[in-house]
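Listing of final.cif; format and content: mmCIF, C-alpha atoms.
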data_input
loop_
_atom_site.group_PDB
_atom_site.id
_atom_site.type_symbol
_atom_site.label_atom_id
_atom_site.label_comp_id
_atom_site.auth_asym_id
_atom_site.auth_seq_id
_atom_site.Cartn_x
_atom_site.Cartn_y
_atom_site.Cartn_z
ATOM 1 C CA MET A 1 -24.000 -9.603 -14.432
ATOM 2 C CA ASP A 2 -20.201 -9.740 -14.414
ATOM 3 C CA GLU A 3 -18.905 -13.163 -13.292
ATOM 4 C CA ASN A 4 -16.678 -11.656 -10.593
ATOM 5 C CA LEU A 5 -19.655 -9.791 -9.169
ATOM 6 C CA GLU A 6 -21.778 -12.956 -9.190
ATOM 7 C CA ILE A 7 -19.068 -14.874 -7.341
ATOM 8 C CA LEU A 8 -18.659 -12.025 -4.889
ATOM 9 C CA HIS A 9 -22.387 -11.949 -4.110
ATOM 10 C CA TYR A 10 -22.280 -15.701 -3.556
ATOM 11 C CA LEU A 11 -19.267 -15.553 -1.217
ATOM 12 C CA GLU A 12 -20.761 -12.635 0.704
ATOM 13 C CA SER A 13 -23.567 -14.947 1.785
ATOM 14 C CA PHE A 14 -20.946 -16.740 3.903
ATOM 15 C CA LEU A 15 -19.789 -13.507 5.572
ATOM 16 C CA THR A 16 -21.368 -11.824 8.564
ATOM 17 C CA GLU A 17 -23.100 -8.520 8.012
ATOM 18 C CA ARG A 18 -20.448 -6.892 10.186
ATOM 19 C CA ARG A 19 -17.662 -8.227 7.945
ATOM 20 C CA ARG A 20 -19.464 -7.093 4.773
ATOM 21 C CA MET A 21 -19.935 -3.595 6.206
ATOM 22 C CA LEU A 22 -16.295 -3.489 7.301
ATOM 23 C CA PHE A 23 -15.086 -4.381 3.799
ATOM 24 C CA ASN A 24 -17.242 -1.611 2.299
ATOM 25 C CA ARG A 25 -16.124 0.965 4.859
ATOM 26 C CA VAL A 26 -12.430 0.180 4.407
ATOM 27 C CA LEU A 27 -12.620 0.080 0.602
ATOM 28 C CA ASP A 28 -14.323 3.480 0.529
ATOM 29 C CA GLN A 29 -11.146 4.896 2.098
ATOM 30 C CA ARG A 30 -8.609 2.972 0.013
ATOM 31 C CA THR A 31 -6.469 4.763 -2.559
ATOM 32 C CA ASN A 32 -3.869 4.109 -5.227
ATOM 33 C CA HIS A 33 -3.247 7.830 -5.680
ATOM 34 C CA PHE A 34 -0.314 7.438 -3.303
ATOM 35 C CA THR A 35 1.884 4.405 -2.871
ATOM 36 C CA VAL A 36 4.974 3.522 -0.843
ATOM 37 C CA ALA A 37 8.252 1.858 -1.813
ATOM 38 C CA ILE A 38 10.867 0.685 0.684
ATOM 39 C CA GLN A 39 14.413 -0.152 -0.350
ATOM 40 C CA ASP A 40 16.577 -2.799 1.330
ATOM 41 C CA VAL A 41 15.299 -2.326 4.861
ATOM 42 C CA TYR A 42 17.334 -4.555 7.201
ATOM 43 C CA GLN A 43 14.935 -4.921 10.115
ATOM 44 C CA LEU A 44 11.869 -7.009 9.326
ATOM 45 C CA HIS A 45 9.806 -5.234 11.949
ATOM 46 C CA ASN A 46 10.373 -1.938 10.116
ATOM 47 C CA THR A 47 9.118 -3.361 6.813
ATOM 48 C CA SER A 48 6.111 -4.839 8.563
ATOM 49 C CA ALA A 49 5.400 -1.596 10.417
ATOM 50 C CA VAL A 50 5.419 0.348 7.148
ATOM 51 C CA ILE A 51 2.936 -2.127 5.656
ATOM 52 C CA ARG A 52 0.754 -1.695 8.723
ATOM 53 C CA SER A 53 0.878 2.104 8.344
ATOM 54 C CA CYS A 54 -0.199 1.777 4.702
ATOM 55 C CA ASP A 55 -3.210 -0.236 5.824
ATOM 56 C CA VAL A 56 -4.034 2.262 8.583
ATOM 57 C CA PHE A 57 -3.898 5.269 6.250
ATOM 58 C CA GLY A 58 -5.666 3.592 3.325
ATOM 59 C CA VAL A 59 -2.760 3.051 0.913
ATOM 60 C CA GLN A 60 -3.534 -0.152 -0.980
ATOM 61 C CA ASN A 61 -0.160 -0.945 -2.564
ATOM 62 C CA VAL A 62 3.319 -1.261 -1.082
ATOM 63 C CA HIS A 63 6.457 -1.904 -3.117
ATOM 64 C CA VAL A 64 9.369 -3.730 -1.486
ATOM 65 C CA VAL A 65 12.803 -3.586 -3.150
ATOM 66 C CA GLU A 66 14.972 -6.490 -1.979
ATOM 67 C CA GLU A 67 18.152 -5.922 -3.937
ATOM 68 C CA VAL A 68 20.415 -6.705 -0.985
ATOM 69 C CA ASN A 69 18.110 -8.069 1.708
ATOM 70 C CA ARG A 70 15.670 -10.759 0.668
ATOM 71 C CA LYS A 71 13.627 -11.766 3.682
ATOM 72 C CA LYS A 72 10.074 -12.805 4.409
ATOM 73 C CA ILE A 73 7.776 -10.172 5.831
ATOM 74 C CA ASP A 74 7.261 -10.586 9.557
ATOM 75 C CA ARG A 75 3.621 -11.676 9.795
ATOM 76 C CA GLU A 76 3.393 -11.154 13.535
ATOM 77 C CA ILE A 77 4.627 -7.553 13.430
ATOM 78 C CA ALA A 78 2.444 -6.715 10.413
ATOM 79 C CA MET A 79 -0.537 -7.811 12.531
ATOM 80 C CA GLY A 80 -2.311 -9.211 9.482
ATOM 81 C CA ALA A 81 -1.929 -6.038 7.425
ATOM 82 C CA GLN A 82 -0.235 -7.993 4.612
ATOM 83 C CA LYS A 83 -3.582 -9.747 4.162
ATOM 84 C CA TRP A 84 -5.310 -6.499 3.183
ATOM 85 C CA VAL A 85 -2.490 -4.525 1.518
ATOM 86 C CA ASP A 86 -0.962 -5.579 -1.800
ATOM 87 C CA VAL A 87 2.785 -6.168 -1.411
ATOM 88 C CA ASN A 88 4.697 -5.927 -4.700
ATOM 89 C CA ARG A 89 8.285 -7.217 -4.593
ATOM 90 C CA TYR A 90 11.270 -6.309 -6.793
ATOM 91 C CA HIS A 91 14.907 -7.351 -7.015
ATOM 92 C CA SER A 92 16.110 -3.897 -8.055
ATOM 93 C CA ALA A 93 15.222 -0.256 -7.494
ATOM 94 C CA GLU A 94 15.432 0.264 -11.258
ATOM 95 C CA ASP A 95 12.665 -2.271 -11.910
ATOM 96 C CA CYS A 96 10.532 -0.784 -9.159
ATOM 97 C CA MET A 97 10.856 2.790 -10.412
ATOM 98 C CA LYS A 98 10.227 1.750 -14.004
ATOM 99 C CA SER A 99 7.053 -0.092 -13.008
ATOM 100 C CA LEU A 100 5.780 2.843 -10.970
ATOM 101 C CA ARG A 101 6.518 5.401 -13.685
ATOM 102 C CA ASN A 102 4.642 3.236 -16.200
ATOM 103 C CA LYS A 103 1.637 3.501 -13.875
ATOM 104 C CA GLY A 104 1.887 7.291 -13.819
ATOM 105 C CA TYR A 105 3.577 7.850 -10.463
ATOM 106 C CA ARG A 106 6.091 10.535 -9.616
ATOM 107 C CA ILE A 107 9.084 9.203 -7.692
ATOM 108 C CA ILE A 108 9.379 11.064 -4.371
ATOM 109 C CA ALA A 109 12.566 10.409 -2.398
ATOM 110 C CA THR A 110 12.302 10.951 1.344
ATOM 111 C CA SER A 111 15.290 12.407 3.163
ATOM 112 C CA PRO A 112 15.899 13.932 6.601
ATOM 113 C CA HIS A 113 18.290 16.503 5.162
ATOM 114 C CA LYS A 114 17.007 17.778 1.833
ATOM 115 C CA GLY A 115 13.808 18.438 -0.028
ATOM 116 C CA LYS A 116 10.700 20.493 0.582
ATOM 117 C CA PRO A 117 8.675 19.924 3.745
ATOM 118 C CA VAL A 118 6.071 17.245 3.120
ATOM 119 C CA GLN A 119 3.372 19.799 3.986
ATOM 120 C CA ASP A 120 4.329 21.728 0.828
ATOM 121 C CA LEU A 121 4.201 18.778 -1.562
ATOM 122 C CA ASP A 122 1.824 19.029 -4.527
ATOM 123 C CA ILE A 123 -0.633 16.168 -4.023
ATOM 124 C CA THR A 124 -2.660 16.609 -7.204
ATOM 125 C CA ARG A 125 -0.641 14.018 -9.137
ATOM 126 C CA PRO A 126 -0.061 10.383 -8.097
ATOM 127 C CA ALA A 127 3.126 9.919 -6.072
ATOM 128 C CA ALA A 128 5.272 7.019 -4.897
ATOM 129 C CA PHE A 129 7.160 7.730 -1.658
ATOM 130 C CA PHE A 130 10.511 5.950 -1.409
ATOM 131 C CA PHE A 131 12.036 5.117 1.973
ATOM 132 C CA GLY A 132 15.545 3.712 2.408
ATOM 133 C CA SER A 133 17.410 1.440 4.769
ATOM 134 C CA GLU A 134 17.821 2.303 8.450
ATOM 135 C CA VAL A 135 21.512 3.260 8.287
ATOM 136 C CA GLU A 136 22.299 4.280 4.722
ATOM 137 C CA GLY A 137 18.926 5.594 3.597
ATOM 138 C CA LEU A 138 18.002 5.550 -0.072
ATOM 139 C CA SER A 139 20.550 4.614 -2.721
ATOM 140 C CA GLU A 140 22.155 7.233 -4.913
ATOM 141 C CA GLU A 141 20.326 5.656 -7.846
ATOM 142 C CA VAL A 142 16.940 6.533 -6.361
ATOM 143 C CA PHE A 143 18.032 10.065 -5.469
ATOM 144 C CA GLN A 144 19.273 10.656 -9.008
ATOM 145 C CA GLU A 145 16.092 9.314 -10.597
ATOM 146 C CA ALA A 146 13.649 10.959 -8.176
ATOM 147 C CA ASP A 147 11.344 13.705 -9.429
ATOM 148 C CA GLU A 148 11.266 15.416 -6.039
ATOM 149 C CA TYR A 149 12.587 15.170 -2.490
ATOM 150 C CA VAL A 150 10.543 15.607 0.662
ATOM 151 C CA SER A 151 11.502 15.838 4.313
ATOM 152 C CA ILE A 152 9.843 15.964 7.711
ATOM 153 C CA PRO A 153 10.603 19.214 9.549
ATOM 154 C CA MET A 154 12.424 18.494 12.825
ATOM 155 C CA VAL A 155 13.360 20.982 15.539
ATOM 156 C CA GLY A 156 15.077 18.825 18.152
ATOM 157 C CA PHE A 157 18.625 17.558 18.656
ATOM 158 C CA THR A 158 17.835 14.294 16.872
ATOM 159 C CA GLU A 159 18.152 14.625 13.102
ATOM 160 C CA SER A 160 16.500 11.434 11.966
ATOM 161 C CA LEU A 161 13.472 9.227 12.580
ATOM 162 C CA ASN A 162 12.938 5.501 12.342
ATOM 163 C CA ILE A 163 11.764 4.557 8.829
ATOM 164 C CA SER A 164 8.401 3.263 10.061
ATOM 165 C CA VAL A 165 7.793 6.461 12.025
ATOM 166 C CA SER A 166 8.748 8.591 9.007
ATOM 167 C CA ALA A 167 6.399 6.631 6.760
ATOM 168 C CA ALA A 168 3.525 7.020 9.211
ATOM 169 C CA ILE A 169 4.042 10.781 9.539
ATOM 170 C CA ILE A 170 4.251 11.346 5.790
ATOM 171 C CA LEU A 171 1.269 9.123 4.999
ATOM 172 C CA GLN A 172 -0.872 10.758 7.663
ATOM 173 C CA GLU A 173 -0.054 14.194 6.263
ATOM 174 C CA VAL A 174 -0.624 13.483 2.570
ATOM 175 C CA THR A 175 -3.691 11.239 2.935
ATOM 176 C CA ALA A 176 -5.401 13.710 5.279
ATOM 177 C CA ARG A 177 -4.888 16.466 2.714
ATOM 178 C CA LEU A 178 -6.007 14.162 -0.090
ATOM 179 C CA ARG A 179 -9.338 13.356 1.558
ATOM 180 C CA LYS A 180 -10.083 17.041 2.046
ATOM 181 C CA SER A 181 -9.327 17.819 -1.602
ATOM 182 C CA GLY A 182 -11.476 17.567 -4.706
ATOM 183 C CA ILE A 183 -9.122 15.015 -6.262
ATOM 184 C CA GLU A 184 -10.585 11.700 -7.427
ATOM 185 C CA TRP A 185 -8.513 9.487 -5.163
ATOM 186 C CA GLN A 186 -10.765 6.511 -4.450
ATOM 187 C CA LEU A 187 -10.618 3.096 -6.087
ATOM 188 C CA SER A 188 -12.855 2.589 -9.102
ATOM 189 C CA LYS A 189 -16.012 0.465 -8.843
ATOM 190 C CA GLU A 190 -14.260 -2.360 -10.689
ATOM 191 C CA GLU A 191 -11.212 -2.173 -8.420
ATOM 192 C CA LYS A 192 -13.428 -2.351 -5.338
ATOM 193 C CA ILE A 193 -15.227 -5.436 -6.634
ATOM 194 C CA LEU A 194 -11.979 -7.264 -7.370
ATOM 195 C CA LYS A 195 -10.446 -6.293 -4.032
ATOM 196 C CA LYS A 196 -13.562 -7.269 -2.100
ATOM 197 C CA LEU A 197 -13.608 -10.612 -3.904
ATOM 198 C CA GLU A 198 -9.958 -11.169 -3.014
ATOM 199 C CA TRP A 199 -10.584 -10.300 0.651
ATOM 200 C CA ALA A 200 -13.626 -12.596 0.775
ATOM 201 C CA LYS A 201 -11.521 -15.470 -0.548
ATOM 202 C CA LYS A 202 -8.911 -14.834 2.139
ATOM 203 C CA THR A 203 -11.557 -14.691 4.846
ATOM 204 C CA ILE A 204 -13.646 -17.748 3.973
ATOM 205 C CA LYS A 205 -12.199 -21.211 4.510
ATOM 206 C CA SER A 206 -12.374 -23.478 1.441
ATOM 207 C CA SER A 207 -13.361 -20.513 -0.721
ATOM 208 C CA ASP A 208 -11.919 -22.140 -3.855
ATOM 209 C CA GLU A 209 -14.079 -25.200 -3.293
ATOM 210 C CA LEU A 210 -17.152 -23.029 -2.759
ATOM 211 C CA ILE A 211 -16.462 -21.135 -5.984
ATOM 212 C CA ARG A 212 -16.091 -24.354 -7.958
ATOM 213 C CA HIS A 213 -19.402 -25.565 -6.549
ATOM 214 C CA PHE A 214 -21.079 -22.267 -7.461
ATOM 215 C CA GLN A 215 -19.734 -22.267 -11.024
ATOM 216 C CA ALA A 216 -20.783 -25.879 -11.557
ATOM 217 C CA SER A 217 -24.322 -25.036 -10.500
ATOM 218 C CA GLN A 218 -24.705 -22.193 -13.000
#

Will you turn the file into structure tokens for me?
Amino acid sequence: MDENLEILHYLESFLTERRRMLFNRVLDQRTNHFTVAIQDVYQLHNTSAVIRSCDVFGVQNVHVVEEVNRKKIDREIAMGAQKWVDVNRYHSAEDCMKSLRNKGYRIIATSPHKGKPVQDLDITRPAAFFFGSEVEGLSEEVFQEADEYVSIPMVGFTESLNISVSAAIILQEVTARLRKSGIEWQLSKEEKILKKLEWAKKTIKSSDELIRHFQASQ
């Protein structure tokens, strides 16, 4: 048996049945088919709210570009979501986009004023949705490098939405369509094992000590 799986089975003996079932249920809905990148967001509560939306809609990875604003994620606002979502941090949009392209993602720039409605976006290929700062939006660099633009149709007097609201709307739309499709969007068996092991370590106090004890007894 794979060592990671053996360790996982051992750590699961310290979890309640309810927690084990919750991990399985959540992981069955997790995806890396879509991911989110946020660029130089000024308000910490907006960054944290976007991370929380990723957790709610099953997006496992978030990418935070801190080229101008380098701040710690607000743990209280994220309501623990940063514990279950992988937060990847970059010092430049260029590095972020390069990393995502190397993983096979299209770069999708979100904008209130241009681009196709998100409902019309092709979801068959992996996509990374970029959201910009509250006032200035995405940088010109991201717009120039983006493969596509998407927008949220609006019919009122207000022509923009808060970044966290925009992220939630877009993620709800694309993940709902994804789960109804025939696309293979779920994590692989190996990815689920590694993620479950990581979550078990975060949940169990003194998990490192328990693992050392287990390995010594083998």

*Around the point (-0.3, 6.4, 11.3) in the file's coordinates, collect all residues with an atom within 8 Å, using only C-alpha atoms, and return them as number ranges by chain.*
A: 53, 56-57, 168-169, 171-172

_Close residues, Ile193 in chain A itself excluded, 12 Å, only C-alpha atoms, min 2 positions apart in chain, as a PyMOL selection string_ = chain A and resi 2-9+12+23-24+27-28+187-191+195-200

With C-alpha atoms retained, could you export that selection as a PDB file, keeping the file's coordinate frame?
ATOM      1  CA  ASP A   2     -20.201  -9.740 -14.414  1.00  0.00           C
ATOM      2  CA  GLU A   3     -18.905 -13.163 -13.292  1.00  0.00           C
ATOM      3  CA  ASN A   4     -16.678 -11.656 -10.593  1.00  0.00           C
ATOM      4  CA  LEU A   5     -19.655  -9.791  -9.169  1.00  0.00           C
ATOM      5  CA  GLU A   6     -21.778 -12.956  -9.190  1.00  0.00           C
ATOM      6  CA  ILE A   7     -19.068 -14.874  -7.341  1.00  0.00           C
ATOM      7  CA  LEU A   8     -18.659 -12.025  -4.889  1.00  0.00           C
ATOM      8  CA  HIS A   9     -22.387 -11.949  -4.110  1.00  0.00           C
ATOM      9  CA  GLU A  12     -20.761 -12.635   0.704  1.00  0.00           C
ATOM     10  CA  PHE A  23     -15.086  -4.381   3.799  1.00  0.00           C
ATOM     11  CA  ASN A  24     -17.242  -1.611   2.299  1.00  0.00           C
ATOM     12  CA  LEU A  27     -12.620   0.080   0.602  1.00  0.00           C
ATOM     13  CA  ASP A  28     -14.323   3.480   0.529  1.00  0.00           C
ATOM     14  CA  LEU A 187     -10.618   3.096  -6.087  1.00  0.00           C
ATOM     15  CA  SER A 188     -12.855   2.589  -9.102  1.00  0.00           C
ATOM     16  CA  LYS A 189     -16.012   0.465  -8.843  1.00  0.00           C
ATOM     17  CA  GLU A 190     -14.260  -2.360 -10.689  1.00  0.00           C
ATOM     18  CA  GLU A 191     -11.212  -2.173  -8.420  1.00  0.00           C
ATOM     19  CA  LYS A 195     -10.446  -6.293  -4.032  1.00  0.00           C
ATOM     20  CA  LYS A 196     -13.562  -7.269  -2.100  1.00  0.00           C
ATOM     21  CA  LEU A 197     -13.608 -10.612  -3.904  1.00  0.00           C
ATOM     22  CA  GLU A 198      -9.958 -11.169  -3.014  1.00  0.00           C
ATOM     23  CA  TRP A 199     -10.584 -10.300   0.651  1.00  0.00           C
ATOM     24  CA  ALA A 200     -13.626 -12.596   0.775  1.00  0.00           C
TER      25      ALA A 200
END

*At what distance in Å, to one decimal, does CA of His63 in chain A lie from CA of Cys96 in chain A?*
7.4 Å

*Could you write out as a PyMOL selection string the residues that the PyMOL selection byres ((chain A and resi 99-116) around 6) matches in the shown file?*
chain A and resi 96-98+117+126-131+146-151+160

*CA of Cys54 in chain A and CA of Gln144 in chain A, how far apart in Å?*
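Between CA of Gln144 in chain A and CA of Cys54 in chain A the gap is 25.4 Å.
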
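Taking all atoms listed in the file into account, Val36 in chain A lies nearest to A:Gly58 out of the set A:Gly182, A:Gly156, A:Gly137, A:Gly58.
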
_Evaluate the PyMOL selection byres ((chain A and resi 86) around 8) against this structure - the residues, as number ranges by chain, please._
A: 60-62, 82-85, 87-88
